[in-house]
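Asker: Have a peek at coords-v9.tsv (TSV, C-alpha atoms and all ligand atoms).
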```tsv
chain	number	residue	atom	x	y	z
A	1	MET	CA	43.02	48.89	16.50
A	2	LEU	CA	42.29	47.48	13.09
A	3	TYR	CA	44.10	44.29	14.12
A	4	PHE	CA	41.87	43.88	17.24
A	5	MET	CA	38.66	44.51	15.26
A	6	LEU	CA	39.72	41.87	12.75
A	7	LEU	CA	40.47	39.40	15.57
A	8	LEU	CA	37.07	40.10	17.19
A	9	TYR	CA	35.31	39.61	13.83
A	10	ILE	CA	37.05	36.25	13.30
A	11	ARG	CA	36.14	35.10	16.83
A	12	VAL	CA	32.46	36.08	16.48
A	13	THR	CA	32.20	34.42	13.05
A	14	THR	CA	33.82	31.22	14.36
A	15	LEU	CA	31.46	31.20	17.34
A	16	LYS	CA	28.45	31.74	15.03
A	17	SER	CA	29.43	28.82	12.79
A	18	LYS	CA	29.99	26.65	15.86
A	19	VAL	CA	26.49	27.51	17.17
A	20	LEU	CA	25.04	26.87	13.70
A	21	PHE	CA	26.88	23.55	13.44
A	22	VAL	CA	25.63	22.39	16.88
A	23	THR	CA	22.06	23.52	16.07
A	24	LEU	CA	22.09	21.64	12.76
A	25	GLN	CA	23.44	18.55	14.50
A	26	ILE	CA	20.65	18.70	17.11
A	27	ASN	CA	18.02	19.21	14.40
A	28	ASN	CA	19.34	16.31	12.32
A	29	GLU	CA	19.34	14.11	15.39
A	30	LYS	CA	15.74	15.14	16.13
A	31	THR	CA	14.61	14.32	12.58
A	32	ARG	CA	16.44	11.00	12.69
A	33	LYS	CA	14.91	10.16	16.06
A	34	MET	CA	11.45	11.11	14.82
A	35	ASN	CA	11.68	8.68	11.91
A	36	ASN	CA	14.00	5.96	13.05
A	37	LYS	CA	11.27	3.40	13.63
A	38	LYS	CA	12.24	-0.15	12.76
A	39	VAL	CA	9.70	-1.43	10.27
A	40	VAL	CA	9.55	-4.89	8.72
A	41	VAL	CA	7.63	-5.21	5.45
A	42	ALA	CA	6.08	-8.56	4.45
A	43	GLY	CA	5.45	-8.68	0.70
A	44	ALA	CA	8.24	-6.13	0.10
A	45	THR	CA	9.02	-7.66	-3.32
A	46	GLY	CA	5.43	-7.08	-4.49
A	47	SER	CA	4.29	-4.10	-6.56
A	48	LEU	CA	2.70	-2.24	-3.64
A	49	GLY	CA	5.29	-3.57	-1.16
A	50	GLY	CA	8.16	-2.00	-3.15
A	51	LYS	CA	6.44	1.38	-3.13
A	52	ILE	CA	5.83	1.12	0.63
A	53	VAL	CA	9.53	0.37	1.19
A	54	LYS	CA	10.45	3.43	-0.91
A	55	GLU	CA	8.16	5.67	1.16
A	56	LEU	CA	9.46	4.29	4.46
A	57	LEU	CA	13.07	4.87	3.36
A	58	ALA	CA	12.16	8.43	2.39
A	59	LEU	CA	10.80	8.96	5.91
A	60	GLY	CA	14.12	7.80	7.32
A	61	SER	CA	12.78	4.56	8.79
A	62	ASP	CA	15.01	1.58	9.43
A	63	VAL	CA	13.47	-0.86	6.92
A	64	THR	CA	13.76	-4.63	6.92
A	65	ALA	CA	12.27	-6.59	4.02
A	66	MET	CA	10.71	-9.93	4.87
A	67	VAL	CA	11.24	-12.12	1.82
A	68	ARG	CA	10.99	-15.79	0.99
A	69	ALA	CA	14.13	-17.82	0.28
A	70	THR	CA	13.06	-17.80	-3.39
A	71	SER	CA	12.16	-14.09	-3.61
A	72	ASN	CA	14.08	-11.84	-5.98
A	73	ARG	CA	15.70	-9.18	-3.77
A	74	SER	CA	17.53	-7.28	-6.50
A	75	LYS	CA	15.06	-4.34	-6.85
A	76	LEU	CA	15.03	-3.84	-3.08
A	77	GLU	CA	18.83	-3.94	-2.92
A	78	LYS	CA	18.99	-1.32	-5.68
A	79	MET	CA	16.63	0.86	-3.62
A	80	GLY	CA	19.11	0.71	-0.75
A	81	VAL	CA	17.48	-1.93	1.46
A	82	LYS	CA	20.21	-3.53	3.54
A	83	ASN	CA	18.26	-5.61	6.04
A	84	PHE	CA	16.48	-8.79	5.01
A	85	VAL	CA	14.81	-11.55	7.02
A	86	VAL	CA	13.57	-14.76	5.45
A	87	GLY	CA	9.99	-15.65	6.29
A	88	ASP	CA	7.33	-17.65	4.50
A	89	MET	CA	3.80	-17.05	5.76
A	90	MET	CA	3.02	-20.73	5.23
A	91	ASP	CA	5.95	-21.76	7.44
A	92	LYS	CA	5.45	-20.85	11.11
A	93	ALA	CA	9.05	-21.65	12.15
A	94	SER	CA	10.48	-19.27	9.55
A	95	LEU	CA	8.19	-16.48	10.80
A	96	LYS	CA	9.24	-17.01	14.41
A	97	GLU	CA	12.85	-16.45	13.40
A	98	ALA	CA	12.13	-13.63	10.95
A	99	LEU	CA	10.11	-11.57	13.45
A	100	SER	CA	12.09	-12.54	16.56
A	101	PRO	CA	12.17	-9.90	19.35
A	102	LYS	CA	15.94	-9.67	18.81
A	103	HIS	CA	15.23	-7.41	15.79
A	104	GLY	CA	13.29	-4.93	17.93
A	105	PHE	CA	10.70	-4.12	15.24
A	106	ASP	CA	8.36	-1.21	16.05
A	107	ALA	CA	5.89	-2.14	13.33
A	108	ILE	CA	5.14	-4.72	10.69
A	109	VAL	CA	3.50	-3.83	7.38
A	110	ALA	CA	1.70	-6.73	5.72
A	111	SER	CA	1.47	-6.26	1.95
A	112	ALA	CA	1.81	-9.90	0.93
A	113	ALA	CA	-0.88	-11.75	-1.00
A	114	GLY	CA	-1.39	-15.26	-2.29
A	115	TYR	CA	-4.37	-14.73	-4.61
A	116	THR	CA	-2.34	-12.33	-6.79
A	117	LYS	CA	-0.06	-15.27	-7.71
A	118	HIS	CA	3.15	-13.27	-7.64
A	119	SER	CA	5.24	-16.44	-7.70
A	120	LYS	CA	4.60	-19.92	-9.06
A	121	GLY	CA	2.52	-22.03	-6.67
A	122	ASP	CA	1.06	-19.06	-4.75
A	123	ASN	CA	-2.55	-19.50	-3.75
A	124	PRO	CA	-5.23	-17.90	-1.54
A	125	GLU	CA	-4.25	-20.05	1.45
A	126	THR	CA	-1.65	-17.36	2.15
A	127	ASP	CA	-4.51	-14.87	2.55
A	128	THR	CA	-6.15	-16.99	5.26
A	129	VAL	CA	-3.79	-19.46	6.97
A	130	GLY	CA	-0.70	-17.44	6.03
A	131	TYR	CA	-2.09	-14.21	7.50
A	132	ARG	CA	-3.10	-15.98	10.70
A	133	ASN	CA	0.45	-17.39	10.98
A	134	LEU	CA	1.89	-13.90	10.45
A	135	ILE	CA	-0.36	-12.41	13.13
A	136	ASP	CA	0.48	-15.20	15.60
A	137	ALA	CA	4.21	-14.64	15.06
A	138	THR	CA	3.82	-10.85	15.36
A	139	LYS	CA	1.92	-11.23	18.62
A	140	GLU	CA	4.45	-13.69	19.99
A	141	ALA	CA	7.33	-11.36	19.10
A	142	GLY	CA	5.55	-8.45	20.82
A	143	ILE	CA	5.63	-6.15	17.78
A	144	PRO	CA	3.41	-3.27	18.87
A	145	ARG	CA	1.83	-2.36	15.52
A	146	PHE	CA	0.53	-4.41	12.56
A	147	VAL	CA	-0.44	-2.43	9.45
A	148	LEU	CA	-2.83	-4.37	7.24
A	149	ILE	CA	-3.73	-3.55	3.64
A	150	SER	CA	-7.40	-4.41	3.89
A	151	ILE	CA	-10.14	-3.33	1.48
A	152	LEU	CA	-13.09	-0.91	1.43
A	153	GLU	CA	-16.24	-2.31	3.03
A	154	SER	CA	-14.56	-5.71	3.45
A	155	ASP	CA	-17.06	-6.58	6.20
A	156	LYS	CA	-19.93	-6.44	3.69
A	157	ALA	CA	-18.40	-8.31	0.75
A	158	VAL	CA	-19.12	-11.79	2.09
A	159	LYS	CA	-19.35	-13.40	-1.35
A	160	VAL	CA	-16.02	-12.11	-2.71
A	161	PRO	CA	-13.36	-14.48	-1.35
A	162	HIS	CA	-10.35	-12.14	-1.50
A	163	PHE	CA	-12.36	-9.24	-0.01
A	164	HIS	CA	-13.90	-11.39	2.70
A	165	ASN	CA	-10.47	-12.79	3.68
A	166	LYS	CA	-9.39	-9.23	4.51
A	167	TYR	CA	-12.29	-8.93	6.90
A	168	LEU	CA	-11.45	-12.27	8.49
A	169	THR	CA	-7.87	-11.05	8.96
A	170	GLU	CA	-9.12	-7.86	10.66
A	171	LYS	CA	-11.26	-10.06	12.93
A	172	TYR	CA	-8.29	-12.30	13.73
A	173	LEU	CA	-6.17	-9.27	14.70
A	174	GLN	CA	-8.90	-8.26	17.15
A	175	GLU	CA	-9.32	-11.79	18.48
A	176	LYS	CA	-5.57	-12.13	19.11
A	177	GLN	CA	-5.46	-8.62	20.59
A	178	GLN	CA	-2.63	-7.74	18.25
A	179	PRO	CA	-2.60	-3.91	17.98
A	180	TYR	CA	-3.24	-2.96	14.33
A	181	ILE	CA	-4.26	-0.31	11.87
A	182	ALA	CA	-6.14	-1.49	8.79
A	183	LEU	CA	-6.13	0.72	5.73
A	184	ARG	CA	-9.14	-0.02	3.57
A	185	PRO	CA	-8.38	1.18	0.04
A	186	GLY	CA	-10.72	1.15	-2.91
A	187	ALA	CA	-9.75	-0.44	-6.22
A	188	PHE	CA	-6.17	0.24	-7.25
A	189	PHE	CA	-6.44	2.88	-9.96
A	190	ASP	CA	-3.24	1.68	-11.66
A	191	TRP	CA	-4.37	-1.95	-11.48
A	192	SER	CA	-2.62	-3.14	-14.59
A	193	ASP	CA	0.00	-0.57	-15.28
A	194	GLY	CA	1.46	-1.49	-18.67
A	195	PHE	CA	-1.88	-2.48	-20.20
A	196	MET	CA	-3.63	0.63	-18.88
A	197	THR	CA	-0.98	3.06	-20.11
A	198	LYS	CA	-0.98	1.47	-23.60
A	199	ARG	CA	-4.78	1.78	-23.84
A	200	ILE	CA	-4.81	5.36	-22.58
A	201	LYS	CA	-2.27	6.32	-25.26
A	202	LYS	CA	-4.84	5.01	-27.76
A	203	GLY	CA	-7.58	7.18	-26.23
A	204	VAL	CA	-9.28	4.50	-24.10
A	205	VAL	CA	-9.57	4.18	-20.30
A	206	PRO	CA	-10.03	0.46	-19.67
A	207	MET	CA	-12.73	-0.08	-17.03
A	208	PHE	CA	-13.10	-3.19	-14.91
A	209	PHE	CA	-16.22	-1.91	-13.16
A	210	THR	CA	-18.93	-0.28	-15.24
A	211	GLY	CA	-22.13	-0.74	-13.23
A	212	ALA	CA	-21.78	1.89	-10.47
A	213	ASP	CA	-19.56	4.57	-8.96
A	214	TYR	CA	-16.74	3.06	-6.89
A	215	GLY	CA	-13.83	4.09	-4.68
A	216	THR	CA	-10.33	4.08	-6.11
A	217	ILE	CA	-6.77	5.00	-5.10
A	218	TYR	CA	-3.45	5.52	-6.89
A	219	THR	CA	-1.00	3.05	-5.33
A	220	ASN	CA	1.71	5.75	-5.01
A	221	ASP	CA	-0.61	7.57	-2.58
A	222	LEU	CA	-1.62	4.37	-0.80
A	223	ALA	CA	2.06	3.52	-0.22
A	224	ARG	CA	2.60	6.95	1.36
A	225	TYR	CA	-0.39	6.45	3.66
A	226	VAL	CA	0.77	2.95	4.64
A	227	ALA	CA	4.22	4.29	5.56
A	228	ALA	CA	2.59	6.99	7.70
A	229	ALA	CA	0.33	4.39	9.32
A	230	ALA	CA	3.45	2.42	10.27
A	231	VAL	CA	5.46	5.27	11.76
A	232	SER	CA	3.41	8.36	12.55
A	233	VAL	CA	-0.31	7.69	13.01
A	234	PRO	CA	-0.73	7.97	16.81
A	235	ASP	CA	-1.21	4.93	19.05
A	236	SER	CA	-4.66	6.26	19.95
A	237	GLU	CA	-5.80	5.11	16.47
A	238	LEU	CA	-4.69	1.52	16.95
A	239	ASN	CA	-7.33	-1.18	16.50
A	240	SER	CA	-9.31	0.75	13.92
A	241	TYR	CA	-9.55	1.03	10.15
A	242	ILE	CA	-9.17	3.99	7.83
A	243	ASP	CA	-11.05	4.10	4.51
A	244	VAL	CA	-8.76	5.24	1.71
A	245	GLY	CA	-9.72	6.73	-1.65
A	246	TRP	CA	-10.16	9.84	-3.75
A	247	ALA	CA	-12.34	12.77	-2.75
A	248	THR	CA	-15.20	11.36	-4.82
A	249	PRO	CA	-16.00	7.90	-6.19
A	250	VAL	CA	-15.35	7.43	-9.92
A	251	ASN	CA	-17.03	5.94	-12.98
A	252	GLY	CA	-16.17	5.63	-16.66
A	253	LYS	CA	-17.57	9.04	-17.51
A	254	THR	CA	-15.69	11.00	-14.82
A	255	LEU	CA	-12.41	9.18	-15.53
A	256	ALA	CA	-12.71	9.71	-19.29
A	257	GLN	CA	-13.46	13.41	-18.69
A	258	ALA	CA	-10.42	13.78	-16.44
A	259	PHE	CA	-8.09	12.06	-18.95
A	260	THR	CA	-9.53	14.11	-21.81
A	261	LYS	CA	-8.77	17.31	-19.91
A	262	VAL	CA	-5.32	16.24	-18.69
A	263	LEU	CA	-4.12	14.82	-22.02
A	264	GLY	CA	-5.83	17.49	-24.12
A	265	LYS	CA	-7.31	14.90	-26.50
A	266	PRO	CA	-10.52	12.85	-26.51
A	267	VAL	CA	-10.44	9.79	-24.24
A	268	LYS	CA	-13.37	7.43	-23.77
A	269	ALA	CA	-14.04	4.68	-21.22
A	270	LYS	CA	-14.42	1.07	-22.35
A	271	ALA	CA	-15.30	-2.07	-20.38
A	272	VAL	CA	-12.53	-4.68	-20.17
A	273	ILE	CA	-15.19	-7.41	-20.02
A	274	PRO	CA	-18.06	-6.41	-22.30
A	275	ASN	CA	-21.55	-6.96	-20.85
A	276	PHE	CA	-22.45	-9.64	-23.41
A	277	LEU	CA	-19.45	-11.72	-22.24
A	278	PHE	CA	-20.02	-11.31	-18.51
A	279	LYS	CA	-23.13	-13.53	-18.31
A	280	PRO	CA	-21.62	-16.60	-20.06
A	281	LEU	CA	-18.44	-16.09	-18.03
A	282	SER	CA	-20.48	-16.18	-14.80
A	283	LEU	CA	-21.84	-19.61	-15.79
A	284	PHE	CA	-18.33	-21.08	-15.60
A	285	ALA	CA	-17.51	-19.33	-12.32
A	286	PRO	CA	-18.34	-22.28	-10.01
A	287	LEU	CA	-15.72	-24.36	-11.85
A	288	ASN	CA	-12.76	-22.11	-11.16
A	289	HIS	CA	-11.85	-20.28	-7.92
A	290	ASN	CA	-10.17	-17.30	-9.61
A	291	LEU	CA	-13.00	-16.82	-12.07
A	292	LYS	CA	-15.56	-17.06	-9.24
A	293	ASP	CA	-13.61	-14.49	-7.21
A	294	MET	CA	-13.47	-12.11	-10.17
A	295	VAL	CA	-17.14	-12.51	-11.13
A	296	GLU	CA	-18.29	-12.01	-7.54
A	297	MET	CA	-16.04	-8.96	-7.19
A	298	VAL	CA	-17.50	-7.31	-10.31
A	299	LYS	CA	-21.06	-8.06	-9.10
A	300	TRP	CA	-20.30	-6.66	-5.64
A	301	VAL	CA	-18.65	-3.46	-6.87
A	302	ASN	CA	-21.56	-2.95	-9.24
A	303	THR	CA	-23.93	-2.78	-6.24
A	304	GLY	CA	-22.52	0.70	-5.55
A	305	GLU	CA	-21.49	-0.26	-1.99
A	306	TYR	CA	-17.76	-0.11	-2.73
A	307	ILE	CA	-17.16	3.48	-1.63
A	308	SER	CA	-15.55	5.26	1.36
A	309	ARG	CA	-18.09	5.94	4.09
A	310	ASN	CA	-15.73	8.06	6.19
A	311	THR	CA	-13.33	10.34	4.34
A	312	GLN	CA	-12.61	12.44	7.45
A	313	ARG	CA	-10.13	10.00	8.96
A	314	GLN	CA	-8.08	9.82	5.76
A	315	LYS	CA	-7.97	13.63	5.67
A	316	GLN	CA	-7.02	13.81	9.36
A	317	PHE	CA	-4.05	11.43	9.07
A	318	PHE	CA	-2.88	11.72	5.48
A	319	GLY	CA	-4.03	15.16	4.30
A	320	ASP	CA	-6.49	16.36	1.67
A	321	LEU	CA	-8.00	13.59	-0.43
A	322	PRO	CA	-6.80	13.50	-4.06
A	323	THR	CA	-9.38	14.79	-6.54
A	324	ILE	CA	-10.02	12.83	-9.74
A	325	GLU	CA	-8.34	15.36	-12.00
A	326	GLU	CA	-5.36	15.96	-9.73
A	327	ALA	CA	-4.68	12.23	-9.30
A	328	VAL	CA	-5.13	11.52	-13.02
A	329	ARG	CA	-2.69	14.37	-13.79
A	330	ARG	CA	-0.08	12.91	-11.42
A	331	TYR	CA	-0.59	9.45	-12.89
A	332	ALA	CA	-0.23	10.83	-16.43
A	333	LYS	CA	2.99	12.63	-15.42
A	334	ASP	CA	4.44	9.57	-13.69
A	335	LYS	CA	3.69	7.45	-16.76
A	336	LYS	CA	5.16	10.12	-19.05
A	337	LEU	CA	1.84	10.57	-20.84
A	338	ILE	CA	2.33	14.34	-20.35
A	339	ASP	CA	5.35	16.53	-19.51
A	401	LIG	N1	-7.67	-2.90	-3.79
A	401	LIG	C1	-7.17	-3.41	-4.90
A	401	LIG	O1	-7.62	-3.13	-6.03
A	401	LIG	C2	-5.99	-4.32	-4.80
A	401	LIG	C3	-5.41	-4.79	-5.98
A	401	LIG	C4	-4.27	-5.59	-5.86
A	401	LIG	C5	-3.75	-5.87	-4.60
A	401	LIG	N2	-4.35	-5.41	-3.48
A	401	LIG	C6	-3.77	-5.70	-2.15
A	401	LIG	O2	-2.51	-5.03	-2.07
A	401	LIG	C7	-1.57	-5.83	-1.37
A	401	LIG	C8	-0.33	-6.01	-2.22
A	401	LIG	O3	-0.68	-6.56	-3.46
A	401	LIG	P1	0.35	-6.54	-4.67
A	401	LIG	O4	-0.43	-6.39	-5.93
A	401	LIG	O5	1.48	-5.60	-4.39
A	401	LIG	O6	0.90	-8.04	-4.58
A	401	LIG	P2	1.98	-8.74	-5.50
A	401	LIG	O7	2.69	-7.75	-6.38
A	401	LIG	O8	1.34	-9.90	-6.16
A	401	LIG	O9	3.06	-9.28	-4.43
A	401	LIG	C9	2.75	-10.28	-3.53
A	401	LIG	C10	3.83	-10.31	-2.48
A	401	LIG	O10	3.50	-11.26	-1.47
A	401	LIG	C11	4.64	-12.11	-1.26
A	401	LIG	N3	4.16	-13.42	-0.82
A	401	LIG	C12	3.28	-14.23	-1.44
A	401	LIG	N4	3.11	-15.35	-0.72
A	401	LIG	C13	3.90	-15.26	0.37
A	401	LIG	C14	4.17	-16.10	1.47
A	401	LIG	N5	3.60	-17.31	1.60
A	401	LIG	N6	5.04	-15.67	2.41
A	401	LIG	C15	5.63	-14.46	2.31
A	401	LIG	N7	5.44	-13.62	1.28
A	401	LIG	C16	4.58	-14.02	0.31
A	401	LIG	C17	5.35	-12.14	-2.60
A	401	LIG	O11	6.69	-12.54	-2.42
A	401	LIG	P3	7.57	-13.25	-3.60
A	401	LIG	O12	8.41	-12.16	-4.20
A	401	LIG	O13	8.39	-14.26	-2.89
A	401	LIG	O14	6.63	-13.85	-4.59
A	401	LIG	C18	5.22	-10.68	-3.00
A	401	LIG	O15	6.17	-9.89	-2.33
A	401	LIG	C19	-2.31	-7.13	-1.01
A	401	LIG	O16	-2.74	-7.00	0.31
A	401	LIG	C20	-3.48	-7.16	-1.94
A	401	LIG	O17	-4.59	-7.81	-1.38
A	401	LIG	C21	-5.45	-4.64	-3.57
```
Is it possible to give me this structure as structure tokens?
Ligand SMILES: NC(=O)c1ccc[n+]([C@@H]2O[C@H](COP(=O)([O-])OP(=O)(O)OC[C@H]3O[C@@H](n4cnc5c(N)ncnc54)[C@H](OP(=O)(O)O)[C@@H]3O)[C@@H](O)[C@H]2O)c1

Answerer:
Amino acid sequence: MLYFMLLLYIRVTTLKSKVLFVTLQINNEKTRKMNNKKVVVAGATGSLGGKIVKELLALGSDVTAMVRATSNRSKLEKMGVKNFVVGDMMDKASLKEALSPKHGFDAIVASAAGYTKHSKGDNPETDTVGYRNLIDATKEAGIPRFVLISILESDKAVKVPHFHNKYLTEKYLQEKQQPYIALRPGAFFDWSDGFMTKRIKKGVVPMFFTGADYGTIYTNDLARYVAAAAVSVPDSELNSYIDVGWATPVNGKTLAQAFTKVLGKPVKAKAVIPNFLFKPLSLFAPLNHNLKDMVEMVKWVNTGEYISRNTQRQKQFFGDLPTIEEAVRRYAKDKKLID
């Protein structure tokens, strides 16, 4: 009797583990299928691009990095990226090959930029001609989703070249009928990482914009939103833009208050370009494209227009908006300013 009970127990247990094993296999398969979108990232070697790749890998996407022949792939390889295609946005033939339908990409994320001068010789032509080339090649390859890193209120910032170019790119996507989602972030909060962290340690938040409240976003959050826009935001949202930022616009006072609270020591805000310098600097602006771009950007942001008009869509697709204090706390933790 005891022998039969033991045999029965062994059989039931074996059956249970078999059922559990099959269920786990089905669940894993489901998760994999949910996130196995093939995504190609242009600008993957850039600071935001790298973070986007990381987020996509975490979602289980099949990531391909589009790099130039000269790009340094080592960081991406260390992150586990195995697929690379070589494409230069100023070289149409290379894009045709890089985005060819043979790869079967479900989405392209465009995080490249020329005006940021990531590599020697880069220039803003990439942000106009280069982006048009990329869109043409995407359309020709039949890639069903183009995720653009645009900018808040880009349609209104006509005088700021690198803001206006984003708007022109959105327009070109519409004109070519290339399905897209444009994320329109505010200023990158961690705009100059090393410099900013050093200053904060000394009790100063360096401020680029001091004339009005403005929208901002921590790039770690933006990268997460971009990855979601590539793989999970529904098709019904294609051909639209989503404003991206914190729950409230910021200024020197609110940022200094948040850092003071988070770090537990007094922190004050200080302009990177003092007011007395800005006027003489503006006089030289017509002589230099980068200086003109920067001066016009500061003037535009100081109008107070550079804020999210619709925070609902961000909440709907990416969850609750970060608050100033919560985002500053995360930033401080990431930068090891606090434990
Ligand atoms: N809202 C804001 O405050 C703010 C601030 C900064 C940036 N942004 C936006 O965020 C995005 C990413 O900027 P980022 O700071 O991460 O840029 P970044 O670090 O300067 O990187 C630029 C990337 O673009 C690639 N690239 C440049 N020219 C190219 C070309 N002709 N063909 C193919 N790839 C090319 C570079 O590749 P290589 O490795 O070969 O050089 C690099 O991967 C851009 O859309 C930018 O406009 C917004």

Asker: At most 12 Å from (-15.5, -3.8, -25.1), file frame, all atoms listed in the file: which residues, as a ChimeraX atom specification?

Answerer: /A:204-208,210,268-278

Asker: Need the neighbours of (-9.7, -1.0, 17.5): which residues are at most 9 Å away, counting all atoms listed in the file, as a ChimeraX atom specification?

Answerer: /A:174,179-181,237-241

Asker: Using all atoms listed in the file, pick whichever of A:Thr116, A:Ser94, A:Ser232, A:Thr128 has the shortest atom-to-atom distance to ligand LIG 401 (chain A).

Answerer: A:Thr116

Asker: What is the distance between CA of Leu152 in chain A and CA of Leu183 in chain A, in Å to one decimal?

Answerer: 8.3 Å

Asker: Padding of 5 Å on every side, edges along x, y and z, all listed atoms of range 73-88 of chain A included: what centre and edge lengths in Å, to one decimal, does that box have, as lines of an AutoDock Vina configuration file?

Answerer:
```
center_x = 13.8
center_y = -8.4
center_z = 0.1
size_x = 22.9
size_y = 28.5
size_z = 23.9
```

Asker: Pick out the closest residue to ligand LIG 401 (chain A) from this set: A:Glu153, A:Phe105, A:Ala58, A:Lys139. Count only C-alpha atoms and all ligand atoms.

Answerer: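 Among A:Glu153, A:Phe105, A:Ala58, A:Lys139, it is A:Glu153 that comes nearest to ligand LIG 401 (chain A).
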
Asker: Identify which of the residues A:Glu97, A:Asp136, A:Asp106, A:Asp88 lies closest to ligand LIG 401 (chain A), counting all atoms listed in the file when measuring atom-to-atom distances.

Answerer: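 Of A:Glu97, A:Asp136, A:Asp106, A:Asp88, the one nearest ligand LIG 401 (chain A) is A:Asp88, counting all atoms listed in the file.
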
Asker: Just give me the gap between atom O8 of ligand LIG 401 (chain A) and CA of Arg184 in chain A in Å, one decimal is fine.

Answerer: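 So the answer is 17.4 Å.
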
Asker: Would you mind reading off the distance between CA of Lys333 in chain A and CA of Ala112 in chain A, one decimal, in Å?

Answerer: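 Interatomic distance here is 27.9 Å.
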
Asker: When you count all atoms listed in the file, which of these residues is closest to Gly80 in chain A: A:Leu57, A:Leu168, A:Ala93, A:Met66?

Answerer: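 Ranked by minimum distance to Gly80 in chain A, first place goes to A:Leu57.
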
Asker: Using only C-alpha atoms, determine which residues lie at most 12 Å from Gly49 in chain A, disregarding the query and same-chain residues fewer than 2 positions distant; provide the list as a PyMOL selection string.

Answerer: chain A and resi 40-47+51-56+63-67+75-76+108-113+118+148-149+219-220+222-224+226-227

Asker: Please identify all polymer residues within 10 Å of Lys335 in chain A, counting all atoms listed in the file, omitting same-chain residues fewer than 4 positions from it, and present them as a list in words.

Answerer: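 The residues satisfying every condition are Asp193, Gly194, Thr197, Arg329, Arg330, Tyr331 and Asp339 of chain A.
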
Asker: Could you write out that same residue set with C-alpha atoms as a PDB file, in the frame of the given file?

Answerer:
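Final output, out-v2.pdb:
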```pdb
ATOM      1  CA  ASP A 193       0.000  -0.570 -15.280  1.00  0.00           C
ATOM      2  CA  GLY A 194       1.460  -1.490 -18.670  1.00  0.00           C
ATOM      3  CA  THR A 197      -0.980   3.060 -20.110  1.00  0.00           C
ATOM      4  CA  ARG A 329      -2.690  14.370 -13.790  1.00  0.00           C
ATOM      5  CA  ARG A 330      -0.080  12.910 -11.420  1.00  0.00           C
ATOM      6  CA  TYR A 331      -0.590   9.450 -12.890  1.00  0.00           C
ATOM      7  CA  ASP A 339       5.350  16.530 -19.510  1.00  0.00           C
TER       8      ASP A 339
END
```

Asker: Here is a test: counting all atoms listed in the file, which residue of A:Lys159, A:Lys292, A:Lys96, A:Lys120 is nearest to ligand LIG 401 (chain A)?

Answerer: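 For ligand LIG 401 (chain A), the nearest of the candidates is A:Lys120.
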